[in-house]
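Chemist: The structure follows.
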Amino acid sequence: SGADGETAAAYAAATDAAVVDARPIDAAPPLDARPIDATPIDAPCTPTWTNLLGNGGFETAIAPWTQTSTIIRTAAMMPFAPQAGTYAALFGAGNNANDVLVQTVTIPASSTGLRVRGYQCHVTEDLVSDVDTFRTTLETPAGVVLETFTDITNSDVAPICVWLPFTWTAAAAHPGQQVVLKFQGRTNLVFLTRFVVDSLVLETLACP
């Protein structure tokens, strides 16, 4: 009969649905069983200050410095003793001087800081203001000034020598750059001003 046919159709539909529900479903692996990337994470480094200058105390002749005149001198060639050892760098030993001392270094790519440290002792006999000058810069090999660390004249100098420590901090770290540390002293025609430095370091703050 028609009722029997409807009952049979409903039974068949229910059976098909049960078969669908019974199909196996791929089970996801437990969370704990999923593979984990075992690549270790590098521990953060501790940046340290490292000196880049060679012969900063001037005790091993001249190299790797380049000087335009006799700037690196022994104690016997100076009016006062070096800060340490037997050599120092003296700018303005004579009148009308234009003394330049340079050294080229490469800053590490990981550099995050840069500074120059050392000792200075300057003496003047000149009473005319601002006629003798001393300047320290960091430059590119082409001569472009990147940093000016100090720029003084005889007006900033006492008539007696007292060795004093200094630290000049760069405004930028200059990572990966080749740079030139340049000292320049100039004097006029009369009365000397001697600008003297010793025990120099150019330090970068970087990961080893």
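Letters A, B, ... mark the chains of the structure tokens in the order given; residue numbers begin at 1 per chain; ligand numbers begin at 1, in order shown.
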Can you list every residue in range 26-208 of chain A that DSSP puts in strand (DSSP E), as a ChimeraX atom specification?
Modeler: /A:48-51,66-67,72-74,87-91,98-106,113-124,133-139,145-153,164-169,178-186,193-206
Chemist: Emit the selected residues as a PDB file, in the first residue's frame, including C-alpha atoms.
Modeler:
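Output file selection28.pdb is given in full below:
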```
ATOM      1  CA  THR A  48      81.136  44.575  25.644  1.00  0.00           C
ATOM      2  CA  TRP A  49      83.487  47.493  24.988  1.00  0.00           C
ATOM      3  CA  THR A  50      86.352  46.470  22.689  1.00  0.00           C
ATOM      4  CA  ASN A  51      89.294  48.600  21.601  1.00  0.00           C
ATOM      5  CA  THR A  66     100.058  58.141   9.906  1.00  0.00           C
ATOM      6  CA  GLN A  67     101.548  61.506  10.879  1.00  0.00           C
ATOM      7  CA  ILE A  72     104.771  60.842  18.136  1.00  0.00           C
ATOM      8  CA  ARG A  73     107.665  61.755  20.413  1.00  0.00           C
ATOM      9  CA  THR A  74     109.774  60.361  23.218  1.00  0.00           C
ATOM     10  CA  TYR A  87     106.007  58.098  24.044  1.00  0.00           C
ATOM     11  CA  ALA A  88     103.072  60.468  23.518  1.00  0.00           C
ATOM     12  CA  ALA A  89     101.576  62.454  20.623  1.00  0.00           C
ATOM     13  CA  LEU A  90     102.457  66.162  20.696  1.00  0.00           C
ATOM     14  CA  PHE A  91     100.750  68.666  18.374  1.00  0.00           C
ATOM     15  CA  ASN A  98      99.540  72.062  11.034  1.00  0.00           C
ATOM     16  CA  ASP A  99     100.028  68.643  12.621  1.00  0.00           C
ATOM     17  CA  VAL A 100      97.744  65.752  11.662  1.00  0.00           C
ATOM     18  CA  LEU A 101      97.682  62.223  13.101  1.00  0.00           C
ATOM     19  CA  VAL A 102      95.248  59.615  11.737  1.00  0.00           C
ATOM     20  CA  GLN A 103      94.384  55.943  12.014  1.00  0.00           C
ATOM     21  CA  THR A 104      91.804  54.001   9.983  1.00  0.00           C
ATOM     22  CA  VAL A 105      89.658  51.288  11.591  1.00  0.00           C
ATOM     23  CA  THR A 106      86.574  49.251  10.660  1.00  0.00           C
ATOM     24  CA  GLY A 113      78.050  52.370  20.707  1.00  0.00           C
ATOM     25  CA  LEU A 114      81.361  54.143  20.073  1.00  0.00           C
ATOM     26  CA  ARG A 115      83.692  56.210  22.228  1.00  0.00           C
ATOM     27  CA  VAL A 116      87.264  57.528  22.453  1.00  0.00           C
ATOM     28  CA  ARG A 117      89.107  57.464  25.762  1.00  0.00           C
ATOM     29  CA  GLY A 118      92.578  58.524  26.796  1.00  0.00           C
ATOM     30  CA  TYR A 119      94.565  61.238  28.540  1.00  0.00           C
ATOM     31  CA  GLN A 120      95.313  64.802  27.517  1.00  0.00           C
ATOM     32  CA  CYS A 121      97.709  67.478  28.732  1.00  0.00           C
ATOM     33  CA  HIS A 122      97.799  70.853  26.968  1.00  0.00           C
ATOM     34  CA  VAL A 123     100.077  73.822  27.679  1.00  0.00           C
ATOM     35  CA  THR A 124     100.021  77.317  26.173  1.00  0.00           C
ATOM     36  CA  THR A 133      93.515  75.070  17.808  1.00  0.00           C
ATOM     37  CA  PHE A 134      93.149  71.357  18.468  1.00  0.00           C
ATOM     38  CA  ARG A 135      90.403  69.241  16.909  1.00  0.00           C
ATOM     39  CA  THR A 136      89.549  65.544  16.981  1.00  0.00           C
ATOM     40  CA  THR A 137      87.116  64.091  14.455  1.00  0.00           C
ATOM     41  CA  LEU A 138      85.818  60.807  13.110  1.00  0.00           C
ATOM     42  CA  GLU A 139      85.698  60.897   9.319  1.00  0.00           C
ATOM     43  CA  VAL A 145      83.257  64.463   9.072  1.00  0.00           C
ATOM     44  CA  LEU A 146      80.983  62.003  10.906  1.00  0.00           C
ATOM     45  CA  GLU A 147      81.688  63.118  14.479  1.00  0.00           C
ATOM     46  CA  THR A 148      83.522  65.988  16.149  1.00  0.00           C
ATOM     47  CA  PHE A 149      84.825  64.817  19.523  1.00  0.00           C
ATOM     48  CA  THR A 150      86.673  67.928  20.635  1.00  0.00           C
ATOM     49  CA  ASP A 151      87.376  71.360  19.187  1.00  0.00           C
ATOM     50  CA  ILE A 152      89.365  73.646  21.491  1.00  0.00           C
ATOM     51  CA  THR A 153      91.778  76.572  21.312  1.00  0.00           C
ATOM     52  CA  LEU A 164      93.581  64.450  32.750  1.00  0.00           C
ATOM     53  CA  PRO A 165      91.474  61.489  31.539  1.00  0.00           C
ATOM     54  CA  PHE A 166      88.788  62.063  28.931  1.00  0.00           C
ATOM     55  CA  THR A 167      85.935  60.128  27.349  1.00  0.00           C
ATOM     56  CA  TRP A 168      84.384  61.339  24.092  1.00  0.00           C
ATOM     57  CA  THR A 169      81.164  59.512  23.204  1.00  0.00           C
ATOM     58  CA  GLN A 178      85.403  52.115   7.781  1.00  0.00           C
ATOM     59  CA  VAL A 179      86.292  55.308   9.630  1.00  0.00           C
ATOM     60  CA  VAL A 180      89.310  57.530  10.234  1.00  0.00           C
ATOM     61  CA  LEU A 181      90.146  58.854  13.701  1.00  0.00           C
ATOM     62  CA  LYS A 182      91.847  62.209  13.076  1.00  0.00           C
ATOM     63  CA  PHE A 183      93.706  64.547  15.436  1.00  0.00           C
ATOM     64  CA  GLN A 184      94.761  67.968  14.150  1.00  0.00           C
ATOM     65  CA  GLY A 185      96.700  70.720  15.921  1.00  0.00           C
ATOM     66  CA  ARG A 186      97.417  74.174  14.488  1.00  0.00           C
ATOM     67  CA  THR A 193     100.515  75.914  22.438  1.00  0.00           C
ATOM     68  CA  ARG A 194     101.319  72.236  22.831  1.00  0.00           C
ATOM     69  CA  PHE A 195      98.381  69.833  22.658  1.00  0.00           C
ATOM     70  CA  VAL A 196      99.392  66.365  23.895  1.00  0.00           C
ATOM     71  CA  VAL A 197      97.451  63.074  24.090  1.00  0.00           C
ATOM     72  CA  ASP A 198      98.428  59.599  25.273  1.00  0.00           C
ATOM     73  CA  SER A 199      97.056  56.126  26.096  1.00  0.00           C
ATOM     74  CA  LEU A 200      94.272  56.296  23.498  1.00  0.00           C
ATOM     75  CA  VAL A 201      91.528  53.749  22.817  1.00  0.00           C
ATOM     76  CA  LEU A 202      88.695  53.824  20.293  1.00  0.00           C
ATOM     77  CA  GLU A 203      86.096  51.442  21.689  1.00  0.00           C
ATOM     78  CA  THR A 204      83.011  49.883  20.164  1.00  0.00           C
ATOM     79  CA  LEU A 205      80.140  48.429  22.171  1.00  0.00           C
ATOM     80  CA  ALA A 206      79.280  45.195  20.340  1.00  0.00           C
TER      81      ALA A 206
END
```
Chemist: Tell me, as a PDB file with all heavy atoms, in the first residue's frame, which residues lie within 10 Å of Ser129 in chain A, counting only C-alpha atoms; anything in the same chain fewer than 4 positions away does not count.
Modeler:
```
ATOM      1  N   THR A 153      90.719  75.628  21.679  1.00  0.00           N
ATOM      2  CA  THR A 153      91.778  76.572  21.312  1.00  0.00           C
ATOM      3  C   THR A 153      92.687  76.799  22.515  1.00  0.00           C
ATOM      4  O   THR A 153      92.444  76.270  23.609  1.00  0.00           O
ATOM      5  CB  THR A 153      91.186  77.917  20.862  1.00  0.00           C
ATOM      6  OG1 THR A 153      90.710  78.628  22.028  1.00  0.00           O
ATOM      7  CG2 THR A 153      90.038  77.727  19.876  1.00  0.00           C
ATOM      8  N   ASN A 154      93.692  77.626  22.299  1.00  0.00           N
ATOM      9  CA  ASN A 154      94.601  77.952  23.397  1.00  0.00           C
ATOM     10  C   ASN A 154      93.881  78.663  24.541  1.00  0.00           C
ATOM     11  O   ASN A 154      94.349  78.659  25.689  1.00  0.00           O
ATOM     12  CB  ASN A 154      95.759  78.813  22.902  1.00  0.00           C
ATOM     13  CG  ASN A 154      95.298  80.116  22.261  1.00  0.00           C
ATOM     14  OD1 ASN A 154      94.681  80.088  21.192  1.00  0.00           O
ATOM     15  ND2 ASN A 154      95.600  81.247  22.890  1.00  0.00           N
ATOM     16  N   SER A 155      92.730  79.255  24.264  1.00  0.00           N
ATOM     17  CA  SER A 155      91.954  79.908  25.319  1.00  0.00           C
ATOM     18  C   SER A 155      91.392  78.910  26.325  1.00  0.00           C
ATOM     19  O   SER A 155      91.000  79.282  27.434  1.00  0.00           O
ATOM     20  CB  SER A 155      90.811  80.717  24.710  1.00  0.00           C
ATOM     21  OG  SER A 155      91.313  81.718  23.844  1.00  0.00           O
ATOM     22  N   ASP A 156      91.339  77.629  25.927  1.00  0.00           N
ATOM     23  CA  ASP A 156      90.839  76.575  26.815  1.00  0.00           C
ATOM     24  C   ASP A 156      91.964  75.869  27.569  1.00  0.00           C
ATOM     25  O   ASP A 156      91.706  74.888  28.280  1.00  0.00           O
ATOM     26  CB  ASP A 156      90.075  75.523  25.994  1.00  0.00           C
ATOM     27  CG  ASP A 156      88.950  76.132  25.186  1.00  0.00           C
ATOM     28  OD1 ASP A 156      88.107  76.819  25.781  1.00  0.00           O
ATOM     29  OD2 ASP A 156      88.931  75.942  23.955  1.00  0.00           O
TER      30      ASP A 156
END
```
Chemist: Go through A:Pro159, A:Thr140, A:Thr60, A:Cys45 and flag the residue nearest Pro208 in chain A, using only C-alpha atoms for the distances.
Modeler: A:Cys45
Chemist: Just want the 12 Å neighbourhood of Glu125 in chain A, counted on only C-alpha atoms, with same-chain residues fewer than 5 positions away dropped. Output as a tab-separated table (two decimals) with N, CA, C and O atoms, in the first residue's frame.
Modeler:
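Dumped everything to out-v8.tsv:
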```tsv
chain	number	residue	atom	x	y	z
A	92	GLY	N	101.79	70.78	17.78
A	92	GLY	CA	102.17	72.17	18.01
A	92	GLY	C	103.53	72.33	18.65
A	92	GLY	O	103.73	73.20	19.50
A	93	ALA	N	104.48	71.51	18.23
A	93	ALA	CA	105.83	71.63	18.77
A	93	ALA	C	106.53	72.88	18.26
A	93	ALA	O	107.50	73.34	18.86
A	94	GLY	N	106.06	73.43	17.16
A	94	GLY	CA	106.66	74.63	16.59
A	94	GLY	C	105.60	75.63	16.16
A	94	GLY	O	104.40	75.33	16.14
A	95	ASN	N	106.03	76.83	15.83
A	95	ASN	CA	105.10	77.85	15.34
A	95	ASN	C	104.63	77.52	13.93
A	95	ASN	O	105.30	76.83	13.17
A	131	VAL	N	93.97	81.50	18.86
A	131	VAL	CA	94.84	81.50	17.69
A	131	VAL	C	95.50	80.14	17.44
A	131	VAL	O	95.99	79.87	16.34
A	132	ASP	N	95.52	79.27	18.44
A	132	ASP	CA	96.01	77.91	18.29
A	132	ASP	C	94.83	76.96	18.54
A	132	ASP	O	94.03	77.18	19.46
A	154	ASN	N	93.69	77.63	22.30
A	154	ASN	CA	94.60	77.95	23.40
A	154	ASN	C	93.88	78.66	24.54
A	154	ASN	O	94.35	78.66	25.69
A	155	SER	N	92.73	79.25	24.26
A	155	SER	CA	91.95	79.91	25.32
A	155	SER	C	91.39	78.91	26.32
A	155	SER	O	91.00	79.28	27.43
A	157	VAL	N	93.19	76.35	27.41
A	157	VAL	CA	94.38	75.62	27.88
A	157	VAL	C	95.08	76.40	28.99
A	157	VAL	O	95.19	77.63	28.92
A	158	ALA	N	95.57	75.66	30.00
A	158	ALA	CA	96.31	76.27	31.11
A	158	ALA	C	97.79	76.42	30.77
A	158	ALA	O	98.29	75.80	29.82
A	159	PRO	N	98.53	77.21	31.52
A	159	PRO	CA	99.96	77.37	31.27
A	159	PRO	C	100.82	76.25	31.86
A	159	PRO	O	102.05	76.27	31.71
A	160	ILE	N	100.21	75.30	32.54
A	160	ILE	CA	100.96	74.17	33.07
A	160	ILE	C	100.29	72.87	32.64
A	160	ILE	O	99.10	72.84	32.32
A	161	CYS	N	101.07	71.78	32.62
A	161	CYS	CA	100.54	70.48	32.19
A	161	CYS	C	99.99	69.70	33.39
A	161	CYS	O	100.70	69.51	34.38
A	187	THR	N	99.00	75.90	15.08
A	187	THR	CA	99.50	77.03	15.86
A	187	THR	C	99.75	78.22	14.94
A	187	THR	O	99.92	78.06	13.73
A	188	ASN	N	99.82	79.40	15.54
A	188	ASN	CA	100.10	80.60	14.75
A	188	ASN	C	101.60	80.89	14.72
A	188	ASN	O	102.42	80.02	15.03
A	190	VAL	N	103.58	82.96	16.47
A	190	VAL	CA	104.37	83.24	17.68
A	190	VAL	C	103.71	82.60	18.89
A	190	VAL	O	102.49	82.39	18.92
A	191	PHE	N	104.51	82.27	19.88
A	191	PHE	CA	104.08	81.69	21.15
A	191	PHE	C	103.37	80.35	20.94
A	191	PHE	O	102.38	80.27	20.23
A	192	LEU	N	103.91	79.35	21.57
A	192	LEU	CA	103.47	77.98	21.32
A	192	LEU	C	102.30	77.56	22.21
A	192	LEU	O	102.18	78.01	23.36
A	193	THR	N	101.47	76.70	21.66
A	193	THR	CA	100.52	75.91	22.44
A	193	THR	C	100.75	74.46	22.07
A	193	THR	O	100.69	74.09	20.90
A	194	ARG	N	101.07	73.66	23.07
A	194	ARG	CA	101.32	72.24	22.83
A	194	ARG	C	100.11	71.43	23.30
A	194	ARG	O	99.74	71.48	24.47
A	195	PHE	N	99.51	70.72	22.36
A	195	PHE	CA	98.38	69.83	22.66
A	195	PHE	C	98.92	68.40	22.65
A	195	PHE	O	99.46	67.94	21.64
```
Chemist: Hey, what's within 10 Å of Ala109 in chain A if we count only C-alpha atoms and toss same-chain stuff fewer than 4 positions away? As a list in words, please?
Modeler: Ala173, His174, Pro175, Gly176, Gln177, Ala206 and Cys207 of chain A
Chemist: Write to file, as an mmCIF file, in the first residue's frame, the residues of the selection just made, with N, CA and C atoms.
Modeler:
```cif
data_model
loop_
_atom_site.group_PDB
_atom_site.id
_atom_site.type_symbol
_atom_site.label_atom_id
_atom_site.label_comp_id
_atom_site.auth_asym_id
_atom_site.auth_seq_id
_atom_site.Cartn_x
_atom_site.Cartn_y
_atom_site.Cartn_z
ATOM 1 N N ALA A 173 76.765 54.891 16.367
ATOM 2 C CA ALA A 173 77.655 53.731 16.511
ATOM 3 C C ALA A 173 78.415 53.407 15.226
ATOM 4 N N HIS A 174 77.939 53.874 14.075
ATOM 5 C CA HIS A 174 78.577 53.673 12.770
ATOM 6 C C HIS A 174 78.891 52.192 12.476
ATOM 7 N N PRO A 175 77.917 51.291 12.674
ATOM 8 C CA PRO A 175 78.183 49.861 12.458
ATOM 9 C C PRO A 175 78.578 49.556 11.020
ATOM 10 N N GLY A 176 79.617 48.721 10.892
ATOM 11 C CA GLY A 176 80.058 48.248 9.589
ATOM 12 C C GLY A 176 80.820 49.262 8.757
ATOM 13 N N GLN A 177 81.059 50.460 9.275
ATOM 14 C CA GLN A 177 81.731 51.493 8.490
ATOM 15 C C GLN A 177 83.246 51.475 8.698
ATOM 16 N N ALA A 206 79.805 46.185 21.292
ATOM 17 C CA ALA A 206 79.280 45.195 20.340
ATOM 18 C C ALA A 206 79.304 43.808 20.951
ATOM 19 N N CYS A 207 78.552 42.902 20.326
ATOM 20 C CA CYS A 207 78.603 41.502 20.730
ATOM 21 C C CYS A 207 79.904 40.878 20.245
#
```
Chemist: Enter the distance from CA of Glu59 in chain A to CA of Thr86 in chain A, in Å, rounded to one decimal.
Modeler: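 Interatomic distance, CA of Glu59 in chain A to CA of Thr86 in chain A: 6.9 Å.
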Chemist: May I ask for the distance between CA of Gln83 in chain A and CA of Trp163 in chain A, given in Å to one decimal place?
Modeler: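 Calculated distance between CA of Gln83 in chain A and CA of Trp163 in chain A is 6.5 Å.
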